[in-house]
Amino acid sequence: MKALENIDNYDPSKPFQPWLNRILHNLYVDNMKRYEKRKSVSLDAETPAEDESWSNVLPENKPGPIENLSSQELDETVQSALDRLDGDYRTAIILSDIEGKSYEEISQIMGCPIGTVRSRIHRGRTLLRKILEPFVGEKEMNKP
(Lines give C-alpha, C1' and ligand atoms only; values in the text may rest on other atoms or scores of the structure.)
Protein backbone atom coordinates (compact mmCIF):
# COMPACT_ATOMS: atom_id res chain seq x y z
CA MET A 1 0.00 0.00 0.00
CA LYS A 2 2.82 2.41 0.89
CA ALA A 3 4.45 1.80 -2.48
CA LEU A 4 1.21 2.51 -4.30
CA GLU A 5 0.59 5.62 -2.20
CA ASN A 6 4.07 6.93 -3.06
CA ILE A 7 4.35 5.75 -6.66
CA ASP A 8 4.55 9.41 -7.76
CA ASN A 9 7.88 9.64 -5.89
CA TYR A 10 9.38 6.74 -7.87
CA ASP A 11 12.00 7.72 -10.45
CA PRO A 12 11.54 5.35 -13.44
CA SER A 13 15.15 5.93 -14.50
CA LYS A 14 16.28 4.01 -11.41
CA PRO A 15 15.70 0.31 -10.53
CA PHE A 16 12.35 -0.43 -8.91
CA GLN A 17 13.46 -3.12 -6.41
CA PRO A 18 15.80 -0.92 -4.32
CA TRP A 19 13.08 1.75 -4.12
CA LEU A 20 10.56 -0.83 -2.91
CA ASN A 21 13.08 -2.37 -0.50
CA ARG A 22 13.72 1.06 1.03
CA ILE A 23 9.98 1.48 1.67
CA LEU A 24 9.89 -1.97 3.32
CA HIS A 25 12.96 -1.13 5.40
CA ASN A 26 11.41 2.12 6.61
CA LEU A 27 8.17 0.33 7.52
CA TYR A 28 10.17 -2.26 9.44
CA VAL A 29 12.07 0.41 11.38
CA ASP A 30 8.84 2.28 12.15
CA ASN A 31 7.19 -0.92 13.40
CA MET A 32 10.18 -1.76 15.57
CA LYS A 33 9.90 1.66 17.20
CA ARG A 34 6.22 1.00 17.93
CA TYR A 35 6.81 -2.59 19.09
CA GLU A 36 7.40 -1.69 22.72
CA LYS A 37 4.34 0.55 22.82
CA ARG A 38 1.89 -2.19 21.86
CA LYS A 39 -0.65 -3.18 24.44
CA SER A 40 -1.65 -6.70 25.35
CA VAL A 41 -5.24 -7.88 25.11
CA SER A 42 -7.08 -9.36 28.05
CA LEU A 43 -8.65 -12.76 27.49
CA ASP A 44 -11.61 -11.44 29.48
CA ALA A 45 -12.20 -8.79 26.82
CA GLU A 46 -14.56 -9.28 23.91
CA THR A 47 -13.21 -11.36 21.04
CA PRO A 48 -12.26 -9.68 17.76
CA ALA A 49 -15.25 -11.33 16.05
CA GLU A 50 -18.62 -10.95 17.76
CA ASP A 51 -19.86 -14.54 17.40
CA GLU A 52 -16.61 -16.31 18.26
CA SER A 53 -15.01 -17.36 21.52
CA TRP A 54 -11.31 -16.93 22.31
CA SER A 55 -10.85 -20.68 21.93
CA ASN A 56 -11.88 -20.34 18.28
CA VAL A 57 -9.65 -17.32 17.71
CA LEU A 58 -6.49 -18.53 19.46
CA PRO A 59 -4.43 -21.29 17.78
CA GLU A 60 -4.63 -24.81 19.18
CA ASN A 61 -2.32 -27.82 19.31
CA LYS A 62 0.71 -25.81 20.31
CA PRO A 63 3.51 -26.95 22.62
CA GLY A 64 2.67 -27.22 26.30
CA PRO A 65 3.20 -24.51 28.91
CA ILE A 66 6.72 -25.66 29.83
CA GLU A 67 7.88 -25.65 26.21
CA ASN A 68 6.20 -22.29 25.63
CA LEU A 69 7.85 -20.77 28.66
CA SER A 70 11.28 -22.09 27.68
CA SER A 71 10.87 -20.92 24.10
CA GLN A 72 9.45 -17.59 25.24
CA GLU A 73 12.38 -17.01 27.59
CA LEU A 74 14.84 -17.77 24.80
CA ASP A 75 12.98 -15.49 22.39
CA GLU A 76 12.91 -12.69 24.96
CA THR A 77 16.60 -13.10 25.71
CA VAL A 78 17.56 -12.99 22.04
CA GLN A 79 15.17 -10.09 21.36
CA SER A 80 16.58 -8.21 24.33
CA ALA A 81 20.10 -8.80 23.04
CA LEU A 82 19.10 -7.62 19.56
CA ASP A 83 17.47 -4.52 21.07
CA ARG A 84 20.77 -3.63 22.74
CA LEU A 85 22.53 -3.48 19.36
CA ASP A 86 22.83 -0.29 17.36
CA GLY A 87 20.04 -0.02 14.76
CA ASP A 88 22.31 -0.59 11.75
CA TYR A 89 23.83 -3.75 13.24
CA ARG A 90 20.41 -5.05 14.32
CA THR A 91 18.86 -4.38 10.91
CA ALA A 92 21.74 -6.05 9.04
CA ILE A 93 21.60 -9.15 11.27
CA ILE A 94 17.82 -9.47 11.03
CA LEU A 95 17.84 -9.08 7.25
CA SER A 96 20.67 -11.59 6.88
CA ASP A 97 20.06 -14.21 9.55
CA ILE A 98 16.31 -14.07 10.02
CA GLU A 99 14.99 -12.87 6.67
CA GLY A 100 17.66 -14.73 4.66
CA LYS A 101 18.46 -11.78 2.40
CA SER A 102 21.68 -11.73 0.36
CA TYR A 103 24.36 -9.12 0.99
CA GLU A 104 23.37 -7.45 -2.29
CA GLU A 105 19.72 -7.22 -1.21
CA ILE A 106 20.70 -5.88 2.21
CA SER A 107 22.97 -3.34 0.53
CA GLN A 108 20.04 -2.08 -1.54
CA ILE A 109 17.61 -2.05 1.40
CA MET A 110 19.99 -0.24 3.74
CA GLY A 111 21.41 2.01 1.05
CA CYS A 112 25.06 1.26 1.77
CA PRO A 113 27.94 -0.61 0.06
CA ILE A 114 28.22 -4.40 0.36
CA GLY A 115 31.47 -4.02 2.31
CA THR A 116 29.60 -1.97 4.91
CA VAL A 117 26.89 -4.65 5.07
CA ARG A 118 29.52 -7.35 5.69
CA SER A 119 31.17 -5.23 8.34
CA ARG A 120 27.86 -4.51 10.11
CA ILE A 121 26.85 -8.17 10.10
CA HIS A 122 30.24 -9.29 11.39
CA ARG A 123 30.42 -6.60 14.07
CA GLY A 124 26.76 -7.11 15.02
CA ARG A 125 27.23 -10.86 15.44
CA THR A 126 30.33 -10.27 17.56
CA LEU A 127 28.45 -7.86 19.82
CA LEU A 128 25.45 -10.20 19.98
CA ARG A 129 27.73 -13.09 20.95
CA LYS A 130 29.21 -11.01 23.79
CA ILE A 131 25.75 -10.03 25.03
CA LEU A 132 24.43 -13.62 24.95
CA GLU A 133 27.56 -15.29 26.32
CA PRO A 134 26.49 -15.06 30.01
CA PHE A 135 23.18 -16.76 29.19
CA VAL A 136 24.50 -19.60 27.07
CA GLY A 137 28.11 -20.08 28.09
CA GLU A 138 31.26 -19.68 26.09
CA LYS A 139 31.43 -23.33 24.88
CA GLU A 140 27.92 -23.21 23.43
CA MET A 141 28.58 -19.89 21.68
CA ASN A 142 31.58 -21.27 19.80
CA LYS A 143 29.78 -24.35 18.41
CA PRO A 144 29.35 -24.31 14.60
# chains A, B, ... in the order shown; residues from 1 in each chain; ligands from 1
>>> residues_around(residues="segment 84-99 of chain A", least_positions_apart="3", cutoff="6 Å", atoms="only C-alpha atoms", output="PyMOL selection string")
chain A and resi 81+120-121+124
>>> write_last_selection(atoms="N, CA and C atoms", output="PDB file, in the first residue's frame")
ATOM      1  N   ALA A  81      18.729  -8.973  23.520  1.00  0.00           N
ATOM      2  CA  ALA A  81      20.103  -8.802  23.038  1.00  0.00           C
ATOM      3  C   ALA A  81      20.113  -8.027  21.723  1.00  0.00           C
ATOM      4  N   ARG A 120      28.935  -4.642   9.109  1.00  0.00           N
ATOM      5  CA  ARG A 120      27.865  -4.511  10.112  1.00  0.00           C
ATOM      6  C   ARG A 120      27.396  -5.869  10.606  1.00  0.00           C
ATOM      7  N   ILE A 121      27.278  -6.829   9.697  1.00  0.00           N
ATOM      8  CA  ILE A 121      26.850  -8.173  10.101  1.00  0.00           C
ATOM      9  C   ILE A 121      27.909  -8.806  10.991  1.00  0.00           C
ATOM     10  N   GLY A 124      28.007  -6.863  14.291  1.00  0.00           N
ATOM     11  CA  GLY A 124      26.763  -7.113  15.016  1.00  0.00           C
ATOM     12  C   GLY A 124      26.730  -8.498  15.642  1.00  0.00           C
TER      13      GLY A 124
END
>>> residues_around(residues="Ile109 of chain A", least_positions_apart="5", cutoff="12 Å", atoms="only C-alpha atoms", output="PyMOL selection string")
chain A and resi 16-29+88+91-92+95-96+101-104+114+117
>>> atom_distance(atom1="atom CA of Glu5 of chain A", atom2="atom CA of Pro113 of chain A")
28.1 Å
>>> closest_residue(among="A:Arg123, A:Gly100, A:Asn9, A:Phe135", to="Glu73 of chain A", atoms="only C-alpha atoms")
A:Phe135
